[in-house]
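Undergrad: Can you keep this structure in mind? I'll have questions shortly.
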Amino acid sequence: MSRFGEVDDQYDPHALEQRVFEYWDEVDAYEQTVEHRSDGESFFFVDGPPYTSGSAHMGTTWNKSLKDVYIRFLRMQGYDVTDRPGYDMHGLPIETKVEERLGFENKKDIEEFGEENFIQECKDYADEQLEGLQDDFKSFGVWMDWDNPYRTVSPEYMEAAWWGFSKAAERGLVEKGHRSISQCPRCETAIANNEVEYEDVEDPSIYVKFDLEEREGSVVIWTTTPWTIPANTFVAVDPDLTYQGVRAERDGEEEVLYVAEECVEGVLKEGRYDDYEIVEELTGEEMIGWEYEHPLAEEVPDHVDVDDALQIYDAEYVEADRTGLVHSAPGHGEEDFRRGRELGLPIFCPVAGDGVYTDEAGKYEDQFVKEADEEITADLEDNGAMLSSGTVHHNYGHCWRCDTGIIQIVTDQWFITITDVKEELLDNIEDSEWHPQWARDNRFRDFVQEAPDWNVSRQRYWGIPLPVWTPEDRDDDEDMIVVSEREELAERVDQDIDPEAVDLHKDTVDDLTITEGDTTYTRVPDVFDVWLDSSVASWGTLDFPSDDSQFDELWPADLILEAHDQTRGWFWSQLGMGTAALGEIPYEQVLMHGHALDEDGRKMSKSVGNVVEPDTAIERHGSDAMRMFLLSANPQGDDMRFSWDEMGTMENHLRTLWNVFRFPLPYMRLDDFDPQQTTLEEVDDDLELVDEWILARLQSTKSEMTEQFEAFRQDRALEALVDFVVEDVSRFYVQAVRERMWDEEDSASKQAAYATIYRVLRESVALLAPYAPFVSEEIYGTLTGDAEHDTVHMCDWPAVEEYWVDDQLEDDVAFLRAIEEAGANARQQAGRKLRWPVQRVVVAADDERVVEAVERHTDLLEDRLNARSIELVAPDERWGELEYSAQADMSELGPAFGDRAGQVMNALNEARIEEPNLESLEAAVADVLEDDEAVTEEMVSFVTETPEGIAGTAFGLNGDDRGVVYVDASLTDDIESEGYAREVIRRVQEMRKELDLDVEERITLELEIADDRVADLVEEHEGLIREEVRADEFRAVEDGHRKEWDVEDVSMTIAIEPVAAAEASD
RNA sequence: GGGCCAAUAGCUCAAUUAGGUCGAGCGCCACUCUGAUAAGGUGGAGGCUCUCGGUUCAAAUCCGAGUUGGCCCA
């Protein structure tokens, strides 16, 4: 980019982004930037790997934008930042997608297709998705190491998981055991609790009577899963609850039923009993040990029938709901399982992994459990055990991927027993700093406290194989071998394999055996839960252990940054794995952001159709504007509501920046301005106040931004920058500096303005670069040419320069701007446009600061307010034409007047007095004061009130009133003369614009004013008009551009003709 | 059903981090200005601060209960 070269008239984000992409390519901008910081202090950022199914949505886009902004910021601060992106590529979601693609129904289809082929398909699918995601992320300018992402399917990464798991095993934290787990019967695998999605479904609702032994009657239980009745082992009660035995009558027959006292009415109504009487009342405690008959004893001959089974026990999970007694099957439910094991009861589960009854289920063998519900219900009916049967709507868990209803069964699974190191986990949390902090101390801590052992095994194909070998004749954890690295694998297995070449997926390791002594070990066929994959990312990112060159220096991560759903996901899995394997938390800082919601605050979801694709946003407003919008949201915990409006506003701000940047270029070019020669330091003596002011504002902006960035509030930093660019640079500085730049003569003042705006723009784009990398790049390139780095992203983060800091000046100008604003307001109240001069403007100052500011800038104020004179009323003086009122201070009134404070406040605010003193005021509010009460100085501040005929507006700073501006808008001939002349000028200018005339183009002007008085007044300013509109002469124009105007009810005819055109036609 | 978070103008958010008259940007409407501007300026409308209780002279703010939304768990 050539320095101060021509740039687009309009900010066109798409063309600009395209140019910048090409430019980055051309100069290897990313590679240079990384290289530039290679000697800097290391900063280890770890990317939470997105899952490779589907494309990037607004949430992922937000997440990556945040990562990008912080990485860029850290780089600018000098850090050598690790920026390796990652992808989570294993797991059931991909398997099910591939199954869908191939039209598979179940595992049998996969086995027939061949494991090896299926794994290849999964790999292809994941690779394909990865490419799509990479393209998405690149498209909005995220700079990470795209050529070298970590992929959880690579042998190096899988080895990292093996290593971590083996470390946990060394610490004795790996265990194989019976557990009740959620099983997807279609996928035929255990799934994690957080992979269970709850949906409202209709299920059976049955009340079953279990006949008591050695006692008349039965206990009643309720369940929605008739298929678990065959595995019933005990019934649970709450020992402290009151139960009743009732003799109930239906159709002339009587029976005794036991249920909780609170449930009696409900149960009898369910069973349509005609009448009942209470025959016994007792606590749950007293019922413990009662024995009952299994209601399907004949149908399921293998049912649990040991001595201690089929009895009533106490359990914590009982509530006085439905019947107050709970059917318990330790072979199914998680709580039942735990209690059953405590009680030493057998764990009976007659259901296989595919949800089909085994031969242990007797009559129901080979039936799918959900389909057996009907037959079981009928059998219970026939056995006289059914009290009532119906259906119920409730939430029931489904497989997150294939939507099949899950079942609870007990199977053999491999666990990392993190409950054994619970204290260590809780301690390790303390070693991490979270933003926001409550996320750690509330949510995360609670979750960790209650986390159960981690079931890491899945009976699937597309995952990291468990590196566990067990003796051929047994498959428990007693004599297991856990392999940790590929080298070790190659050394120990009986087969000949190349550790460099082994892929490590299931098909490549399933057949490997290990022989030690007389024992041959075979591999456990399971693969890891996919959450284990990403849990090792902190060392997987470094390719550790196969590459140990960086681990010692970098680990643990300095920062991770993800959405709040990862509290239960990656934040947790990393803590668990880090602690189990290394005894440490693998990250030091966490920035936890929220989710991207739609414009109504609802979750974006495909089914609702409220999803906004990042592509669409980029198309509408450009990547920079989209990023700025996303980055303007609070990144700490709160969800973000998407807003097209806000994004459009960001584009407008960028347009403003573009215009500010574009404005000085032609002049700088013309004057051969060289920022390397004409530095700020060089022109220091020629700087005007407004230059010093904008430089001072720049310093406070930098200071504020740095502070906010370091506190992980990039949104507030951006707000400060936008405010600076839009309010201070564009709306004030550029306005003030325009005439200096128009000056055709070279002047010290002009050079000073160049140097100032150059510095301001140069630093502003550096500050903007992390947010809007494209537009910043183009502006930077145009400003600096070959004089600096090839890319703005190599710049250092702009530091505050003490020399230019000037808080006092910032305050002064703030006053002036407040006065100007108030003056404009007063003008409008007086009905006098800015085009018409006013006789005088009176500034009544409340303090010396205001006086100083006005005295130093009287000319500026006169000019901005188009006033013939500025009068200043000092703080200790009063302007005779004023009245006063009082403004009450509630913090003083409250304690003094108690509940009457509000009333007193109103009276004070409404009072109008001529002298601003307490006596007058007390007299005015005497009505509401009681005898012994007085108004003190602390309670009120006096406020000036506008007199008739003159418009006044208060001005202030940060909500505090600091004075009043009065505009005297009375007319004189002199003012009218100038006013009308300016009206004419304005209209001629508009007509020039309509003809598209060049600024320098000379014209001939014809002017006809209907009103003689006005015509005379205008004539007085003919010279002014001539000069302003570049008119060579006043005379009749024949072919010119002619228009009728109505000016303040006076009609005028104006015609103009370019002189050149007139000459040509002559 | 439980935990955590949020709720302030049509929208996005502030309100000086242990109460003291609730403000800004965007959008909208009107007026205005225009020789950098798809700009700028001024004004206006728009608020039972989600609801109900409590503490206090005084609550957006503190406490309790609920409602709605989000996340997580069951």
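To be explicit about the labels: the chains of the structure tokens are called A, B, and onward in the order shown, and within each one the residues are counted from 1, while ligands get numbers from 1 in the order they are shown.
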Skipping near chain neighbours, those fewer than 3 positions away, what residues fall within 12 Å of B:A30 using only C-alpha atoms (C1' of nucleotides), listed as JSON, numbers by chain?

TA: {"B": [42, 43, 44, 45]}

Undergrad: Skipping near chain neighbours, those fewer than 3 positions away, what residues fall within 12 Å of B:C4 using only C-alpha atoms (C1' of nucleotides), listed as a list of chain:residue names?

TA: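 Within the cut-off, the hits are A:Trp438, A:Ala439, A:Arg440, A:Asp441, A:Asn442, A:Arg443, A:Phe444, A:Arg445, A:Asp446, A:Phe447, A:His564, A:Asp565, A:Thr567, A:Gly637, A:Asp638, B:G70, B:C71, B:C72, B:C73.
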
Undergrad: Please check the contacts: residues of chain B at most 8 Å away from chain A, using only C-alpha atoms (C1' of nucleotides), listed as a list in words.

TA: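 My answer is G3, C4, C5, A6, C11, U12, G20, U21, C26, G27, U32, G35, A36, U37, A39, G40, G41, U42, C57, A58, G69, G70, C71 and C72 of chain B.
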
Undergrad: Would you kindly return, as a ChimeraX atom specification, each protein, DNA or RNA residue with an atom no farther than 9 Å from any atom of A:Asp543, considering only C-alpha atoms (C1' of nucleotides) and excluding same-chain residues fewer than 3 positions away?

TA: /A:150,156-157,159-160,539-540,546-548,551

Undergrad: Output C-alpha atoms for every residue in that selection, as a JSON list (two decimals), in the first residue's frame.

TA:
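To be explicit, this is the file written out as again26.json:
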[["chain", "number", "residue", "atom", "x", "y", "z"],
["A", 150, "TYR", "CA", -4.32, -30.51, 16.78],
["A", 156, "GLU", "CA", 0.17, -38.18, 18.64],
["A", 157, "TYR", "CA", -3.00, -36.89, 20.21],
["A", 159, "GLU", "CA", -1.14, -41.18, 22.56],
["A", 160, "ALA", "CA", -1.58, -38.14, 24.79],
["A", 539, "TRP", "CA", -0.73, -31.58, 26.78],
["A", 540, "GLY", "CA", -2.23, -32.96, 23.57],
["A", 546, "SER", "CA", 5.79, -37.92, 21.89],
["A", 547, "ASP", "CA", 7.25, -34.41, 21.74],
["A", 548, "ASP", "CA", 8.45, -33.32, 25.17],
["A", 551, "PHE", "CA", 5.77, -29.36, 28.11]]

Undergrad: In Å, how far is it from atom CA of A:Ile1054 to atom CA of A:Arg1026?

TA: 13.6 Å

Undergrad: Applying 8 Å and only C-alpha atoms (C1' of nucleotides), which residues near stretch 220-229 of chain A remain after dropping the ones on its own chain fewer than 6 positions away? List them as an mmCIF file with N, CA, C and O atoms, in the first residue's frame.

TA:
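Once written, part14.cif looks like this:
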data_model
loop_
_atom_site.group_PDB
_atom_site.id
_atom_site.type_symbol
_atom_site.label_atom_id
_atom_site.label_comp_id
_atom_site.auth_asym_id
_atom_site.auth_seq_id
_atom_site.Cartn_x
_atom_site.Cartn_y
_atom_site.Cartn_z
ATOM 1 N N ASP A 203 -45.852 -42.511 28.807
ATOM 2 C CA ASP A 203 -45.360 -43.810 29.244
ATOM 3 C C ASP A 203 -46.431 -44.475 30.100
ATOM 4 O O ASP A 203 -47.328 -43.814 30.594
ATOM 5 N N PRO A 204 -46.279 -45.794 30.285
ATOM 6 C CA PRO A 204 -47.212 -46.465 31.205
ATOM 7 C C PRO A 204 -47.083 -45.887 32.604
ATOM 8 O O PRO A 204 -46.031 -45.376 32.976
ATOM 9 N N SER A 205 -48.170 -45.953 33.346
ATOM 10 C CA SER A 205 -48.156 -45.538 34.744
ATOM 11 C C SER A 205 -48.925 -46.610 35.491
ATOM 12 O O SER A 205 -50.139 -46.706 35.352
ATOM 13 N N ILE A 206 -48.172 -47.447 36.205
ATOM 14 C CA ILE A 206 -48.882 -48.571 36.853
ATOM 15 C C ILE A 206 -48.670 -48.586 38.361
ATOM 16 O O ILE A 206 -47.610 -48.235 38.871
ATOM 17 N N TYR A 207 -49.749 -48.950 39.073
ATOM 18 C CA TYR A 207 -49.710 -49.165 40.522
ATOM 19 C C TYR A 207 -49.777 -50.671 40.739
ATOM 20 O O TYR A 207 -50.734 -51.310 40.301
ATOM 21 N N VAL A 208 -48.740 -51.214 41.380
ATOM 22 C CA VAL A 208 -48.664 -52.671 41.516
ATOM 23 C C VAL A 208 -48.688 -53.058 42.991
ATOM 24 O O VAL A 208 -48.049 -52.416 43.826
ATOM 25 N N LYS A 209 -49.447 -54.120 43.266
ATOM 26 C CA LYS A 209 -49.534 -54.633 44.636
ATOM 27 C C LYS A 209 -48.552 -55.789 44.803
ATOM 28 O O LYS A 209 -48.549 -56.722 44.005
ATOM 29 N N PHE A 210 -47.700 -55.671 45.819
ATOM 30 C CA PHE A 210 -46.785 -56.772 46.142
ATOM 31 C C PHE A 210 -47.352 -57.451 47.386
ATOM 32 O O PHE A 210 -47.401 -56.843 48.463
ATOM 33 N N LEU A 257 -54.328 -52.687 52.008
ATOM 34 C CA LEU A 257 -53.253 -52.061 51.230
ATOM 35 C C LEU A 257 -52.410 -51.187 52.136
ATOM 36 O O LEU A 257 -52.957 -50.510 53.018
ATOM 37 N N TYR A 258 -51.082 -51.202 51.946
ATOM 38 C CA TYR A 258 -50.189 -50.344 52.714
ATOM 39 C C TYR A 258 -49.589 -49.270 51.807
ATOM 40 O O TYR A 258 -48.980 -49.586 50.792
ATOM 41 N N VAL A 259 -49.844 -48.022 52.165
ATOM 42 C CA VAL A 259 -49.226 -46.889 51.453
ATOM 43 C C VAL A 259 -48.955 -45.772 52.458
ATOM 44 O O VAL A 259 -49.428 -45.833 53.602
ATOM 45 N N LEU A 296 -43.993 -61.364 39.630
ATOM 46 C CA LEU A 296 -43.825 -62.115 38.381
ATOM 47 C C LEU A 296 -42.961 -63.347 38.643
ATOM 48 O O LEU A 296 -42.148 -63.762 37.811
ATOM 49 N N ARG A 322 -47.009 -40.419 45.068
ATOM 50 C CA ARG A 322 -47.701 -41.573 44.470
ATOM 51 C C ARG A 322 -48.134 -42.597 45.519
ATOM 52 O O ARG A 322 -49.290 -42.676 45.850
ATOM 53 N N THR A 323 -47.167 -43.441 46.042
ATOM 54 C CA THR A 323 -47.576 -44.397 47.080
ATOM 55 C C THR A 323 -46.682 -44.298 48.310
ATOM 56 O O THR A 323 -47.021 -44.810 49.366
ATOM 57 N N GLY A 324 -45.525 -43.679 48.151
ATOM 58 C CA GLY A 324 -44.610 -43.597 49.289
ATOM 59 C C GLY A 324 -43.778 -44.851 49.451
ATOM 60 O O GLY A 324 -43.014 -44.975 50.399
ATOM 61 N N LEU A 325 -43.926 -45.802 48.532
ATOM 62 C CA LEU A 325 -43.077 -46.998 48.539
ATOM 63 C C LEU A 325 -42.465 -47.110 47.156
ATOM 64 O O LEU A 325 -43.132 -46.848 46.148
ATOM 65 N N VAL A 326 -41.201 -47.486 47.105
ATOM 66 C CA VAL A 326 -40.517 -47.472 45.814
ATOM 67 C C VAL A 326 -40.004 -48.854 45.426
ATOM 68 O O VAL A 326 -39.250 -49.489 46.158
ATOM 69 N N HIS A 327 -40.477 -49.263 44.262
ATOM 70 C CA HIS A 327 -39.998 -50.510 43.640
ATOM 71 C C HIS A 327 -38.533 -50.325 43.301
ATOM 72 O O HIS A 327 -38.169 -49.375 42.625
ATOM 73 N N ALA A 329 -34.920 -51.881 41.812
ATOM 74 C CA ALA A 329 -34.255 -52.919 41.018
ATOM 75 C C ALA A 329 -32.797 -52.524 40.844
ATOM 76 O O ALA A 329 -32.462 -51.753 39.958
ATOM 77 N N HIS A 332 -31.049 -51.983 37.582
ATOM 78 C CA HIS A 332 -31.398 -50.911 36.650
ATOM 79 C C HIS A 332 -31.033 -49.532 37.195
ATOM 80 O O HIS A 332 -30.028 -48.956 36.808
ATOM 81 N N VAL A 369 -37.294 -54.429 25.677
ATOM 82 C CA VAL A 369 -37.936 -54.126 26.954
ATOM 83 C C VAL A 369 -39.168 -53.227 26.820
ATOM 84 O O VAL A 369 -40.217 -53.504 27.425
ATOM 85 N N LYS A 370 -39.037 -52.195 26.014
ATOM 86 C CA LYS A 370 -40.176 -51.268 25.911
ATOM 87 C C LYS A 370 -41.387 -51.954 25.295
ATOM 88 O O LYS A 370 -42.523 -51.622 25.597
ATOM 89 N N ALA A 372 -42.062 -55.053 25.718
ATOM 90 C CA ALA A 372 -42.572 -56.062 26.646
ATOM 91 C C ALA A 372 -43.493 -55.458 27.695
ATOM 92 O O ALA A 372 -44.188 -56.179 28.416
ATOM 93 N N ASP A 373 -43.498 -54.114 27.778
ATOM 94 C CA ASP A 373 -44.318 -53.443 28.783
ATOM 95 C C ASP A 373 -45.762 -53.964 28.798
ATOM 96 O O ASP A 373 -46.335 -54.242 29.848
ATOM 97 N N ILE A 376 -46.129 -57.551 30.153
ATOM 98 C CA ILE A 376 -45.874 -57.552 31.596
ATOM 99 C C ILE A 376 -47.075 -56.979 32.338
ATOM 100 O O ILE A 376 -47.541 -57.525 33.344
ATOM 101 N N THR A 377 -47.619 -55.891 31.783
ATOM 102 C CA THR A 377 -48.801 -55.295 32.391
ATOM 103 C C THR A 377 -49.947 -56.308 32.432
ATOM 104 O O THR A 377 -50.633 -56.467 33.457
ATOM 105 N N LEU A 387 -53.097 -52.799 40.588
ATOM 106 C CA LEU A 387 -54.099 -51.984 41.261
ATOM 107 C C LEU A 387 -54.724 -51.024 40.252
ATOM 108 O O LEU A 387 -55.917 -50.770 40.264
ATOM 109 N N VAL A 392 -48.985 -41.791 31.547
ATOM 110 C CA VAL A 392 -48.621 -40.506 32.140
ATOM 111 C C VAL A 392 -47.671 -39.775 31.186
ATOM 112 O O VAL A 392 -46.910 -40.419 30.460
#

Undergrad: Got a sec to tell me which of stretch 78-325 of chain A DSSP assigns to strand (DSSP E), as an MDAnalysis selection string?

TA: chainID A and resid 80:82 86:87 150:151 174:184 189:191 196:211 218:223 234:237 242:250 253:260 275:283 311:314

Undergrad: Can you tell me, as JSON, numbers by chain, what residues are no more than 10 Å from A:Glu375 when counting only C-alpha atoms (C1' of nucleotides), ignoring any on the same chain fewer than 3 positions away?

TA: {"A": [226, 227, 363, 364, 371, 372, 378, 379, 380, 381]}

Undergrad: Can you write just those residues out, N, CA and C atoms, as a compact mmCIF listing (two decimals), in the first residue's frame?

TA:
# COMPACT_ATOMS: atom_id res chain seq x y z
N PRO A 226 -42.68 -50.70 33.56
CA PRO A 226 -43.07 -52.09 33.90
C PRO A 226 -41.95 -53.08 33.59
N TRP A 227 -41.12 -52.73 32.57
CA TRP A 227 -40.08 -53.69 32.17
C TRP A 227 -38.99 -53.88 33.23
N LYS A 363 -39.94 -65.81 30.63
CA LYS A 363 -40.98 -65.68 29.61
C LYS A 363 -40.71 -64.56 28.61
N TYR A 364 -40.00 -63.53 29.07
CA TYR A 364 -39.86 -62.33 28.22
C TYR A 364 -38.59 -62.34 27.37
N GLU A 371 -41.09 -52.92 24.40
CA GLU A 371 -42.19 -53.62 23.77
C GLU A 371 -42.80 -54.67 24.68
N ALA A 372 -42.06 -55.05 25.72
CA ALA A 372 -42.57 -56.06 26.65
C ALA A 372 -43.49 -55.46 27.70
N ALA A 378 -50.13 -57.02 31.33
CA ALA A 378 -51.21 -58.01 31.27
C ALA A 378 -50.98 -59.13 32.28
N ASP A 379 -49.73 -59.56 32.39
CA ASP A 379 -49.43 -60.64 33.34
C ASP A 379 -49.67 -60.20 34.77
N LEU A 380 -49.31 -58.97 35.07
CA LEU A 380 -49.54 -58.45 36.42
C LEU A 380 -51.04 -58.42 36.71
N GLU A 381 -51.79 -58.04 35.68
CA GLU A 381 -53.25 -58.02 35.78
C GLU A 381 -53.75 -59.42 36.11

Undergrad: Ranking A:Glu871, A:Glu1027, A:Asp1039, A:Asp382 by minimum distance to A:Ile985 and counting only C-alpha atoms, which one comes first?

TA: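 Once distances to A:Ile985 are computed over only C-alpha atoms, the minimum belongs to A:Glu1027.
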
Undergrad: If we count only C-alpha atoms (C1' of nucleotides) and set the cut-off at 10 Å, which residues sit around A:Asp494, ignoring sequence neighbours fewer than 5 positions away in its own chain? Please answer as a JSON list (two decimals) with C-alpha atoms, in the first residue's frame.

TA:
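Heads up, here's the output in selection-v8.json:
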[["chain", "number", "residue", "atom", "x", "y", "z"],
["A", 489, "LEU", "CA", 3.14, -50.65, 22.73],
["A", 512, "LEU", "CA", -2.54, -57.01, 19.36],
["A", 513, "THR", "CA", -1.72, -59.24, 22.29],
["A", 514, "ILE", "CA", 0.80, -59.04, 25.07],
["A", 515, "THR", "CA", 2.40, -62.11, 26.60],
["A", 516, "GLU", "CA", 4.08, -61.94, 29.95],
["A", 520, "THR", "CA", -1.51, -63.77, 27.28],
["A", 521, "TYR", "CA", -3.31, -60.47, 27.52]]

Undergrad: Can you measure atom CA of A:Val530 to atom CA of A:Gly91 for me? One decimal in Å is fine.

TA: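 We find that atom CA of A:Val530 and atom CA of A:Gly91 lie 5.2 Å from each other.
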
Undergrad: In Å, how far is it from atom CA of A:Leu861 to atom CA of A:Glu745?

TA: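 Those two atoms sit 25.4 Å apart.
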
Undergrad: Leaving out stretch 333-347 of chain A and any residue of its chain fewer than 6 positions from it, which residues lie within 10 Å of it when counting only C-alpha atoms (C1' of nucleotides), given as number ranges by chain?

TA: A: 178-182, 228, 231-236, 304-310, 313-317, 326-327, 407-410

Undergrad: Put those residues in a file: N, CA and C atoms, as a JSON list (two decimals), in the first residue's frame.

TA:
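The new file result.json reads:
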[["chain", "number", "residue", "atom", "x", "y", "z"],
["A", 178, "HIS", "N", -19.01, -52.82, 37.94],
["A", 178, "HIS", "CA", -20.43, -52.85, 37.71],
["A", 178, "HIS", "C", -21.00, -51.47, 38.03],
["A", 179, "ARG", "N", -21.70, -50.87, 37.15],
["A", 179, "ARG", "CA", -22.39, -49.62, 37.49],
["A", 179, "ARG", "C", -23.70, -49.57, 36.74],
["A", 180, "SER", "N", -24.61, -48.86, 37.33],
["A", 180, "SER", "CA", -25.84, -48.54, 36.62],
["A", 180, "SER", "C", -25.53, -47.37, 35.71],
["A", 181, "ILE", "N", -25.77, -47.55, 34.44],
["A", 181, "ILE", "CA", -25.45, -46.49, 33.50],
["A", 181, "ILE", "C", -26.63, -46.23, 32.56],
["A", 182, "SER", "N", -26.57, -45.09, 31.89],
["A", 182, "SER", "CA", -27.56, -44.81, 30.85],
["A", 182, "SER", "C", -27.08, -45.48, 29.58],
["A", 228, "THR", "N", -39.00, -53.04, 34.28],
["A", 228, "THR", "CA", -38.02, -53.25, 35.34],
["A", 228, "THR", "C", -38.56, -54.13, 36.47],
["A", 231, "ALA", "N", -36.87, -57.42, 37.46],
["A", 231, "ALA", "CA", -35.63, -57.31, 38.22],
["A", 231, "ALA", "C", -35.86, -56.77, 39.63],
["A", 232, "ASN", "N", -37.13, -56.70, 40.03],
["A", 232, "ASN", "CA", -37.39, -56.17, 41.38],
["A", 232, "ASN", "C", -36.68, -57.01, 42.43],
["A", 233, "THR", "N", -36.04, -56.29, 43.37],
["A", 233, "THR", "CA", -35.26, -56.99, 44.39],
["A", 233, "THR", "C", -35.68, -56.59, 45.80],
["A", 234, "PHE", "N", -36.07, -55.35, 45.93],
["A", 234, "PHE", "CA", -36.60, -54.91, 47.23],
["A", 234, "PHE", "C", -37.53, -53.73, 47.05],
["A", 235, "VAL", "N", -38.23, -53.39, 48.14],
["A", 235, "VAL", "CA", -39.09, -52.21, 48.12],
["A", 235, "VAL", "C", -38.58, -51.27, 49.20],
["A", 236, "ALA", "N", -38.52, -49.96, 48.83],
["A", 236, "ALA", "CA", -37.94, -49.00, 49.76],
["A", 236, "ALA", "C", -39.00, -48.13, 50.41],
["A", 304, "VAL", "N", -34.61, -62.61, 41.50],
["A", 304, "VAL", "CA", -33.82, -62.62, 42.73],
["A", 304, "VAL", "C", -34.65, -63.21, 43.86],
["A", 305, "ASP", "N", -34.08, -64.19, 44.51],
["A", 305, "ASP", "CA", -34.86, -64.85, 45.56],
["A", 305, "ASP", "C", -33.97, -65.29, 46.70],
["A", 306, "VAL", "N", -32.89, -64.56, 46.93],
["A", 306, "VAL", "CA", -32.02, -64.91, 48.05],
["A", 306, "VAL", "C", -32.71, -64.53, 49.35],
["A", 307, "ASP", "N", -32.14, -64.93, 50.47],
["A", 307, "ASP", "CA", -32.78, -64.74, 51.75],
["A", 307, "ASP", "C", -33.15, -63.30, 52.05],
["A", 308, "ASP", "N", -32.21, -62.38, 51.78],
["A", 308, "ASP", "CA", -32.45, -61.00, 52.17],
["A", 308, "ASP", "C", -33.25, -60.20, 51.15],
["A", 309, "ALA", "N", -33.52, -60.80, 50.02],
["A", 309, "ALA", "CA", -34.22, -60.06, 48.97],
["A", 309, "ALA", "C", -35.72, -60.10, 49.20],
["A", 310, "LEU", "N", -36.45, -59.35, 48.36],
["A", 310, "LEU", "CA", -37.89, -59.29, 48.43],
["A", 310, "LEU", "C", -38.36, -58.91, 49.83],
["A", 313, "TYR", "N", -36.91, -52.29, 52.75],
["A", 313, "TYR", "CA", -35.74, -51.63, 53.33],
["A", 313, "TYR", "C", -35.96, -50.13, 53.34],
["A", 314, "ASP", "N", -35.17, -49.45, 54.12],
["A", 314, "ASP", "CA", -35.23, -47.99, 54.06],
["A", 314, "ASP", "C", -34.28, -47.48, 52.98],
["A", 315, "ALA", "N", -34.61, -46.33, 52.41],
["A", 315, "ALA", "CA", -33.72, -45.72, 51.42],
["A", 315, "ALA", "C", -33.97, -44.22, 51.40],
["A", 316, "GLU", "N", -32.92, -43.49, 51.04],
["A", 316, "GLU", "CA", -33.03, -42.02, 51.06],
["A", 316, "GLU", "C", -33.86, -41.46, 49.93],
["A", 317, "TYR", "N", -33.97, -42.24, 48.88],
["A", 317, "TYR", "CA", -34.63, -41.69, 47.69],
["A", 317, "TYR", "C", -36.16, -41.76, 47.74],
["A", 326, "VAL", "N", -41.20, -47.49, 47.11],
["A", 326, "VAL", "CA", -40.52, -47.47, 45.81],
["A", 326, "VAL", "C", -40.00, -48.85, 45.43],
["A", 327, "HIS", "N", -40.48, -49.26, 44.26],
["A", 327, "HIS", "CA", -40.00, -50.51, 43.64],
["A", 327, "HIS", "C", -38.53, -50.32, 43.30],
["A", 407, "ILE", "N", -32.21, -46.56, 28.43],
["A", 407, "ILE", "CA", -32.58, -47.46, 29.52],
["A", 407, "ILE", "C", -31.47, -47.46, 30.55],
["A", 408, "GLN", "N", -31.86, -47.66, 31.81],
["A", 408, "GLN", "CA", -30.85, -47.79, 32.86],
["A", 408, "GLN", "C", -30.56, -49.26, 33.04],
["A", 409, "ILE", "N", -29.34, -49.66, 32.80],
["A", 409, "ILE", "CA", -28.98, -51.05, 33.09],
["A", 409, "ILE", "C", -27.63, -51.06, 33.79],
["A", 410, "VAL", "N", -27.34, -52.20, 34.38],
["A", 410, "VAL", "CA", -26.04, -52.33, 35.03],
["A", 410, "VAL", "C", -25.14, -53.13, 34.12]]

Undergrad: Would you list, as a list in words, the residues of stretch 317-380 of chain A that end up in helix (DSSP H, G or I) under DSSP run on this structure's backbone?

TA: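 Selection result, helix (DSSP H, G or I) within stretch 317-380 of chain A: Glu334, Glu335, Asp336, Phe337, Arg338, Arg339, Gly340, Arg341, Glu342, Asp359, Glu360, Ala361, Gly362, Lys363, Tyr364, Val369, Lys370, Glu371, Ala372, Asp373, Glu374, Glu375, Ile376, Thr377, Ala378, Asp379 and Leu380 of chain A.
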
Undergrad: So, counting only C-alpha atoms, which residue among A:Val46, A:Val1050, A:Ala799, A:Met89 is closest to A:Val590?

TA: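 Smallest separation from A:Val590 among the options: A:Val46.
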